[in-house]
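Enquirer: As input, take work_1.csv (CSV, C-alpha atoms):
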```csv
chain,number,residue,atom,x,y,z
E,1,MET,CA,-94.1,-94.5,100.7
E,2,LEU,CA,-96.8,-96.4,98.7
E,3,ARG,CA,-99.5,-95.3,101.1
E,4,THR,CA,-98.4,-91.7,100.8
E,5,SER,CA,-98.5,-91.8,97.0
E,6,LEU,CA,-101.9,-93.5,97.1
E,7,PHE,CA,-103.2,-90.9,99.5
E,8,PHE,CA,-102.1,-88.0,97.2
E,9,PHE,CA,-103.5,-89.8,94.2
E,10,ILE,CA,-106.9,-90.1,95.9
E,11,LEU,CA,-106.8,-86.4,96.9
E,12,LEU,CA,-106.0,-85.4,93.3
E,13,PHE,CA,-108.7,-87.6,91.8
E,14,SER,CA,-111.3,-86.2,94.3
E,15,ALA,CA,-110.3,-82.6,93.4
E,16,VAL,CA,-110.6,-83.3,89.7
E,17,SER,CA,-113.9,-85.1,90.1
E,18,LEU,CA,-115.3,-82.2,92.3
E,19,ALA,CA,-114.2,-79.7,89.6
E,20,GLN,CA,-116.0,-81.7,86.9
E,21,ASN,CA,-119.1,-82.1,89.0
E,22,ASP,CA,-119.2,-78.4,89.8
E,23,SER,CA,-118.9,-77.1,86.3
E,24,ILE,CA,-120.6,-77.5,82.9
E,25,LYS,CA,-118.9,-77.6,79.6
E,26,TYR,CA,-120.2,-75.0,77.1
E,27,THR,CA,-122.1,-76.3,74.1
E,28,ARG,CA,-124.6,-74.7,71.8
E,29,ASP,CA,-127.3,-76.0,74.1
E,30,TYR,CA,-125.9,-74.1,77.1
E,31,VAL,CA,-128.4,-71.6,78.5
E,32,PHE,CA,-127.1,-68.2,79.6
E,33,ASN,CA,-129.1,-66.8,82.5
E,34,GLU,CA,-130.8,-63.7,81.2
E,35,GLY,CA,-129.8,-60.4,82.7
E,36,ILE,CA,-127.1,-57.7,83.1
E,37,TYR,CA,-123.5,-58.5,83.9
E,38,ILE,CA,-122.2,-55.8,86.0
E,39,THR,CA,-118.7,-57.2,86.0
E,40,TYR,CA,-116.6,-59.7,83.9
E,41,SER,CA,-116.8,-62.0,87.0
E,42,ASP,CA,-120.6,-62.0,86.8
E,43,PHE,CA,-120.3,-63.2,83.2
E,44,ARG,CA,-117.8,-65.9,84.0
E,45,MET,CA,-120.1,-67.2,86.7
E,46,ASN,CA,-123.2,-66.9,84.5
E,47,ARG,CA,-124.6,-64.8,87.4
E,48,PRO,CA,-126.3,-61.6,85.9
E,49,ILE,CA,-128.6,-59.2,87.6
E,50,THR,CA,-131.9,-60.8,86.6
E,51,LYS,CA,-134.9,-58.8,85.3
E,52,ASN,CA,-137.0,-59.6,88.3
E,53,VAL,CA,-134.8,-57.3,90.5
E,54,ILE,CA,-134.3,-54.6,87.8
E,55,GLU,CA,-136.3,-51.4,88.1
E,56,SER,CA,-137.0,-50.0,84.7
E,57,LYS,CA,-139.7,-48.1,82.8
E,58,GLU,CA,-139.5,-50.8,80.1
E,59,ASP,CA,-142.1,-53.6,79.8
E,60,LYS,CA,-140.7,-56.7,81.5
E,61,GLU,CA,-143.0,-58.9,79.4
E,62,GLN,CA,-141.1,-57.9,76.2
E,63,LEU,CA,-138.5,-60.3,74.9
E,64,ASP,CA,-136.0,-57.4,74.5
E,65,PHE,CA,-136.6,-55.9,78.0
E,66,ILE,CA,-132.9,-56.2,79.0
E,67,GLY,CA,-131.7,-54.7,75.7
E,68,LYS,CA,-134.2,-51.8,75.9
E,69,THR,CA,-133.3,-51.1,79.5
E,70,VAL,CA,-129.6,-50.9,78.7
E,71,GLU,CA,-130.2,-48.9,75.5
E,72,ASN,CA,-132.5,-46.3,77.1
E,73,SER,CA,-131.2,-45.9,80.6
E,74,GLU,CA,-128.2,-43.9,81.9
E,75,TYR,CA,-128.2,-45.9,85.1
E,76,ILE,CA,-129.2,-49.5,85.8
E,77,PHE,CA,-131.3,-49.7,89.0
E,78,PHE,CA,-131.8,-53.0,90.8
E,79,LYS,CA,-132.9,-54.3,94.2
E,80,PHE,CA,-130.5,-56.2,96.4
E,81,GLY,CA,-130.4,-56.8,100.2
E,82,GLY,CA,-133.5,-54.7,100.7
E,83,HIS,CA,-132.0,-51.7,99.0
E,84,VAL,CA,-132.1,-50.2,95.5
E,85,HIS,CA,-128.7,-49.9,93.9
E,86,LYS,CA,-127.6,-48.1,90.7
E,87,VAL,CA,-124.7,-48.5,88.3
E,88,LYS,CA,-123.8,-46.4,85.3
E,89,THR,CA,-125.0,-48.2,82.2
E,90,ASP,CA,-121.9,-47.5,80.1
E,91,SER,CA,-119.7,-49.1,82.9
E,92,ILE,CA,-121.4,-52.6,82.9
E,93,TRP,CA,-119.6,-55.6,81.3
E,94,GLY,CA,-122.5,-56.6,79.1
E,95,PHE,CA,-125.8,-58.5,79.2
E,96,SER,CA,-127.5,-61.7,78.1
E,97,GLN,CA,-130.8,-61.8,76.2
E,98,ASN,CA,-132.5,-64.6,74.3
E,99,ASN,CA,-129.5,-66.8,75.0
E,100,THR,CA,-127.2,-64.3,73.3
E,101,VAL,CA,-124.3,-62.5,75.0
E,102,PHE,CA,-123.7,-58.8,74.3
E,103,ILE,CA,-120.5,-57.2,75.4
E,104,ASN,CA,-119.7,-53.5,76.2
E,105,TYR,CA,-117.0,-52.1,74.0
E,106,ASP,CA,-116.3,-48.4,73.8
E,107,LYS,CA,-119.4,-47.8,75.8
E,108,LYS,CA,-121.6,-49.5,73.2
E,109,MET,CA,-123.1,-53.0,73.3
E,110,PHE,CA,-122.3,-55.6,70.6
E,111,ARG,CA,-123.5,-59.1,70.0
E,112,VAL,CA,-121.0,-62.0,70.4
E,113,PRO,CA,-121.9,-64.3,67.6
E,114,VAL,CA,-119.0,-66.7,67.8
E,115,PHE,CA,-118.6,-67.9,71.4
E,116,GLY,CA,-115.8,-70.1,72.8
E,117,ASN,CA,-112.5,-70.1,74.6
E,118,ILE,CA,-111.6,-67.3,72.2
E,119,SER,CA,-114.8,-65.5,71.1
E,120,GLN,CA,-115.2,-63.2,68.1
E,121,PHE,CA,-117.3,-60.1,67.7
E,122,VAL,CA,-117.6,-57.1,65.5
E,123,ALA,CA,-117.8,-53.5,66.9
E,124,SER,CA,-117.8,-50.0,65.6
E,125,VAL,CA,-115.0,-47.9,67.1
E,126,GLU,CA,-114.3,-44.2,67.1
E,127,VAL,CA,-111.5,-43.1,64.8
E,128,ILE,CA,-109.9,-39.8,64.0
E,129,ASN,CA,-109.3,-38.9,60.4
E,130,ASN,CA,-106.1,-37.0,60.0
E,131,TYR,CA,-105.3,-35.4,56.6
E,132,ALA,CA,-102.3,-33.2,55.9
E,133,GLY,CA,-104.0,-31.1,53.3
E,134,SER,CA,-102.5,-29.9,50.0
E,135,ASN,CA,-102.0,-26.7,47.9
E,136,SER,CA,-103.1,-28.5,44.7
E,137,PRO,CA,-106.3,-27.1,43.2
E,138,TYR,CA,-107.4,-30.7,42.5
E,139,TYR,CA,-107.1,-31.7,46.2
E,140,TYR,CA,-110.3,-32.0,48.3
E,141,ASN,CA,-110.0,-32.1,52.1
E,142,TYR,CA,-112.0,-35.3,52.7
E,143,GLY,CA,-112.6,-35.8,56.5
E,144,VAL,CA,-111.3,-32.3,57.4
E,145,THR,CA,-113.1,-29.1,58.3
E,146,ALA,CA,-112.6,-25.7,56.7
E,147,THR,CA,-109.9,-25.1,59.4
E,148,ASN,CA,-108.1,-28.3,58.4
E,149,MET,CA,-108.9,-29.9,61.8
E,150,PRO,CA,-109.2,-33.7,62.0
E,151,THR,CA,-112.7,-35.1,62.3
E,152,LYS,CA,-114.1,-38.1,64.2
E,153,GLY,CA,-115.9,-41.0,62.7
E,154,ARG,CA,-116.7,-44.7,63.4
E,155,GLU,CA,-115.1,-47.7,61.8
E,156,VAL,CA,-116.2,-51.4,62.0
E,157,ARG,CA,-113.6,-53.8,63.2
E,158,GLN,CA,-113.4,-57.4,64.4
E,159,PHE,CA,-112.2,-58.3,67.9
E,160,LEU,CA,-111.3,-61.3,70.0
E,161,LEU,CA,-112.4,-62.0,73.6
E,162,ASP,CA,-110.3,-64.3,75.8
E,163,PHE,CA,-112.8,-66.1,78.0
E,164,TYR,CA,-110.4,-67.0,80.8
E,165,SER,CA,-108.7,-63.6,81.1
E,166,GLY,CA,-111.4,-61.2,79.9
E,167,GLU,CA,-108.9,-59.6,77.5
E,168,ILE,CA,-110.2,-58.0,74.3
E,169,MET,CA,-107.8,-58.0,71.4
E,170,ASP,CA,-107.8,-56.9,67.7
E,171,TYR,CA,-108.5,-59.7,65.2
E,172,THR,CA,-105.1,-59.8,63.7
E,173,LEU,CA,-102.7,-62.4,62.5
E,174,ALA,CA,-100.2,-61.5,65.2
E,175,ASN,CA,-102.7,-61.9,68.0
E,176,ILE,CA,-104.1,-65.1,66.7
E,177,THR,CA,-100.6,-66.5,66.3
E,178,GLU,CA,-99.9,-65.7,70.0
E,179,ILE,CA,-103.1,-67.5,71.0
E,180,LEU,CA,-102.4,-70.6,69.0
E,181,LYS,CA,-99.0,-70.9,70.7
E,182,ARG,CA,-100.9,-72.3,73.7
E,183,ASP,CA,-101.5,-75.5,71.8
E,184,ASP,CA,-98.3,-76.8,70.3
E,185,VAL,CA,-99.9,-79.2,67.8
E,186,ILE,CA,-102.3,-76.5,66.4
E,187,TYR,CA,-99.6,-73.9,66.4
E,188,LYS,CA,-97.1,-76.0,64.4
E,189,SER,CA,-99.8,-76.9,61.9
E,190,PHE,CA,-100.7,-73.2,61.5
E,191,MET,CA,-97.0,-72.1,61.1
E,192,ALA,CA,-96.4,-74.7,58.5
E,193,LEU,CA,-98.6,-72.6,56.1
E,194,SER,CA,-97.4,-69.6,54.1
E,195,LYS,CA,-98.2,-66.2,55.6
E,196,GLY,CA,-100.9,-65.6,53.0
E,197,LYS,CA,-102.7,-68.9,53.8
E,198,ARG,CA,-102.4,-68.2,57.6
E,199,LYS,CA,-104.3,-64.9,57.0
E,200,LYS,CA,-107.0,-66.7,55.1
E,201,GLN,CA,-107.4,-69.5,57.6
E,202,MET,CA,-107.3,-67.6,60.9
E,203,GLY,CA,-111.0,-68.3,61.5
E,204,LEU,CA,-110.6,-72.0,60.8
E,205,PHE,CA,-107.7,-72.4,63.2
E,206,LEU,CA,-109.5,-70.5,65.9
E,207,ARG,CA,-112.4,-72.9,65.6
E,208,ASN,CA,-110.0,-75.8,65.9
E,209,TYR,CA,-108.5,-74.2,69.0
E,210,ASN,CA,-111.9,-73.7,70.6
E,211,ASN,CA,-112.9,-77.3,69.9
E,212,ALA,CA,-109.7,-78.5,71.5
E,213,HIS,CA,-110.1,-76.2,74.5
E,214,PRO,CA,-113.7,-75.9,75.6
E,215,VAL,CA,-114.9,-73.5,78.3
E,216,TYR,CA,-116.7,-74.4,81.5
E,217,PHE,CA,-119.3,-72.5,83.5
E,218,PRO,CA,-120.2,-73.3,87.1
E,219,LYS,CA,-123.4,-75.2,87.7
```
For the file at hand, write its structure as structure tokens.
Expert:
Amino acid sequence: MLRTSLFFFILLFSAVSLAQNDSIKYTRDYVFNEGIYITYSDFRMNRPITKNVIESKEDKEQLDFIGKTVENSEYIFFKFGGHVHKVKTDSIWGFSQNNTVFINYDKKMFRVPVFGNISQFVASVEVINNYAGSNSPYYYNYGVTATNMPTKGREVRQFLLDFYSGEIMDYTLANITEILKRDDVIYKSFMALSKGKRKKQMGLFLRNYNNAHPVYFPK
């Protein structure tokens, strides 16, 4: 029985050691490979389509080559396996340039300035302005046409990115509360505050959560 327990302990220790040796903890010194992430999996593996295989009219010597290619091309063309492949630009997950990650949201690219287990970014999203109208002579139909039809516009909002699931969520008290439930100590400390203080300290508690739960990339 003792030999069996020892055998399983050795197996478990070897597996943990192997996982640690095959991955790198993210810090501010971590280097993102520059290129285009076709999928979320490419991002998780830090395995983008690099600029040396990308075919583009943009100058590869420019520091913003990747960004310019994404911005000015309907399709991304790249060489792989002796063939040229293409993918629609607005379908890619995002890209990395100058050690900064950009994510595709609503078919536009936005920088991810706060990176971690739960990242934060700001994006402009399309919204529809609906106004009921009024018979008052003092009423002006802001956001509506002469036919009283709703109009489209863009609004800046803050979002959260879950590193391990790829899920994008609104930056709200409800969503942050659900995330913090994953850490019992941080969650209880958060819930001990009044609702008003929780709203003001959402960012602080997310930083605490990210510090307690770092992310790992493969070597």
Enquirer: To one decimal in Å, tell me the separation between CA of Tyr187 (chain E) and CA of Thr172 (chain E).
Expert: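 If I compute the distance from CA of Tyr187 (chain E) to CA of Thr172 (chain E), I get 15.4 Å.
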Enquirer: CA of Ile38 (chain E) and CA of Phe95 (chain E) are how many Å apart?
Expert: 8.2 Å
Enquirer: What does the structure give for the distance between CA of Asp106 (chain E) and CA of Val125 (chain E), in Å to one decimal?
Expert: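 Interatomic distance here is 6.8 Å.
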Enquirer: Rank E:Gly203, E:Pro218, E:Gly196, E:Gly35 by their smallest atom-to-atom distance to Lys51 (chain E), using only C-alpha atoms, and report the top residue only.
Expert: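 Of E:Gly203, E:Pro218, E:Gly196, E:Gly35, the one nearest Lys51 (chain E) is E:Gly35, counting only C-alpha atoms.
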Enquirer: For Gly67 (chain E), work out the shell of residues within 12 Å, counting all atoms listed in the file and skipping chain neighbours fewer than 4 positions away, then give it as a CSV table (one decimal) with C-alpha atoms, in the frame of the given file.
Expert:
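Produced file part_22.csv, reproduced below:
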```
chain,number,residue,atom,x,y,z
E,34,GLU,CA,-130.8,-63.7,81.2
E,35,GLY,CA,-129.8,-60.4,82.7
E,36,ILE,CA,-127.1,-57.7,83.1
E,51,LYS,CA,-134.9,-58.8,85.3
E,56,SER,CA,-137.0,-50.0,84.7
E,58,GLU,CA,-139.5,-50.8,80.1
E,59,ASP,CA,-142.1,-53.6,79.8
E,60,LYS,CA,-140.7,-56.7,81.5
E,62,GLN,CA,-141.1,-57.9,76.2
E,63,LEU,CA,-138.5,-60.3,74.9
E,71,GLU,CA,-130.2,-48.9,75.5
E,72,ASN,CA,-132.5,-46.3,77.1
E,73,SER,CA,-131.2,-45.9,80.6
E,76,ILE,CA,-129.2,-49.5,85.8
E,89,THR,CA,-125.0,-48.2,82.2
E,94,GLY,CA,-122.5,-56.6,79.1
E,95,PHE,CA,-125.8,-58.5,79.2
E,96,SER,CA,-127.5,-61.7,78.1
E,97,GLN,CA,-130.8,-61.8,76.2
E,98,ASN,CA,-132.5,-64.6,74.3
E,100,THR,CA,-127.2,-64.3,73.3
E,101,VAL,CA,-124.3,-62.5,75.0
E,102,PHE,CA,-123.7,-58.8,74.3
E,103,ILE,CA,-120.5,-57.2,75.4
E,108,LYS,CA,-121.6,-49.5,73.2
E,109,MET,CA,-123.1,-53.0,73.3
E,110,PHE,CA,-122.3,-55.6,70.6
E,111,ARG,CA,-123.5,-59.1,70.0
```
Enquirer: Name the residues in contact with Tyr75 (chain E) at a cut-off of 9 Å, using all atoms listed in the file, excluding same-chain residues fewer than 6 positions from it; report them as a list in words.
Expert: Lys86, Val87, Lys88, Thr89 and Asp90 of chain E
Enquirer: Looking at E:Asn117, E:Gly81, E:Ala123, E:Glu61, which one is nearest to Glu155 (chain E), with distances taken over all atoms listed in the file?
Expert: E:Ala123
Enquirer: From the set E:Arg182, E:Glu55, E:Asp22, E:Val70, which residue has the shortest atom-to-atom contact distance to His85 (chain E), counting only C-alpha atoms?
Expert: E:Glu55
Enquirer: Could you check which of E:Ser194, E:Ser41, E:Asn211, E:Ser165 is closest to Thr27 (chain E), using all atoms listed in the file?
Expert: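 Comparing E:Ser194, E:Ser41, E:Asn211, E:Ser165 against Thr27 (chain E), the winner is E:Asn211.
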Enquirer: Of the residues E:Thr69, E:Gln120, E:Ser189, E:Asn99, which is the one nearest to Arg157 (chain E), using all atoms listed in the file?
Expert: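 Nearest candidate to Arg157 (chain E) out of E:Thr69, E:Gln120, E:Ser189, E:Asn99: E:Gln120.
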Enquirer: List the neighbours of Lys181 (chain E) out to 12 Å using all atoms listed in the file; skip same-chain residues closer than 6 positions along the sequence, and give me the result as a PyMOL selection string.
Expert: chain E and resi 174-175+187-191+205-206+209
Enquirer: Can those selected residues be exported to a file as a short mmCIF file (atom, residue, chain, number, x, y, z; two decimals), keeping the file's coordinate frame so that it contains C-alpha atoms?
Expert:
```
data_model
loop_
_atom_site.label_atom_id
_atom_site.label_comp_id
_atom_site.auth_asym_id
_atom_site.auth_seq_id
_atom_site.Cartn_x
_atom_site.Cartn_y
_atom_site.Cartn_z
CA ALA E 174 -100.20 -61.50 65.20
CA ASN E 175 -102.70 -61.90 68.00
CA TYR E 187 -99.60 -73.90 66.40
CA LYS E 188 -97.10 -76.00 64.40
CA SER E 189 -99.80 -76.90 61.90
CA PHE E 190 -100.70 -73.20 61.50
CA MET E 191 -97.00 -72.10 61.10
CA PHE E 205 -107.70 -72.40 63.20
CA LEU E 206 -109.50 -70.50 65.90
CA TYR E 209 -108.50 -74.20 69.00
#
```
Enquirer: Find the residues near Thr50 (chain E): any atom within 9 Å, counting all atoms listed in the file, skip ones fewer than 2 places away on the same chain, and give them as a VMD selection string.
Expert: chain E and resid 33 to 36 47 to 48 52 to 54 66 78
Enquirer: Excluding same-chain residues fewer than 3 positions from Val127 (chain E), what lies within 8 Å of it counting all atoms listed in the file, as a list in words?
Expert: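 Skipping anything fewer than 3 positions along the chain leaves Lys152, Gly153, Arg154 and Glu155 of chain E.
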Enquirer: Counting all atoms listed in the file, figure out which residue out of E:Thr151, E:Thr177, E:Gln158, E:Asn129 gets nearest to Val114 (chain E).
Expert: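 Looking at the shortest contact to Val114 (chain E), the residue is E:Gln158.
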Enquirer: Output as lines of an AutoDock Vina configuration file the centre and edge lengths (Å, one decimal) of the box along x, y and z of the file that holds every listed atom of region 114-119 of chain E after adding 3 Å on each side.
Expert:
```
center_x = -115.3
center_y = -67.8
center_z = 71.2
size_x = 13.4
size_y = 10.6
size_z = 12.8
```
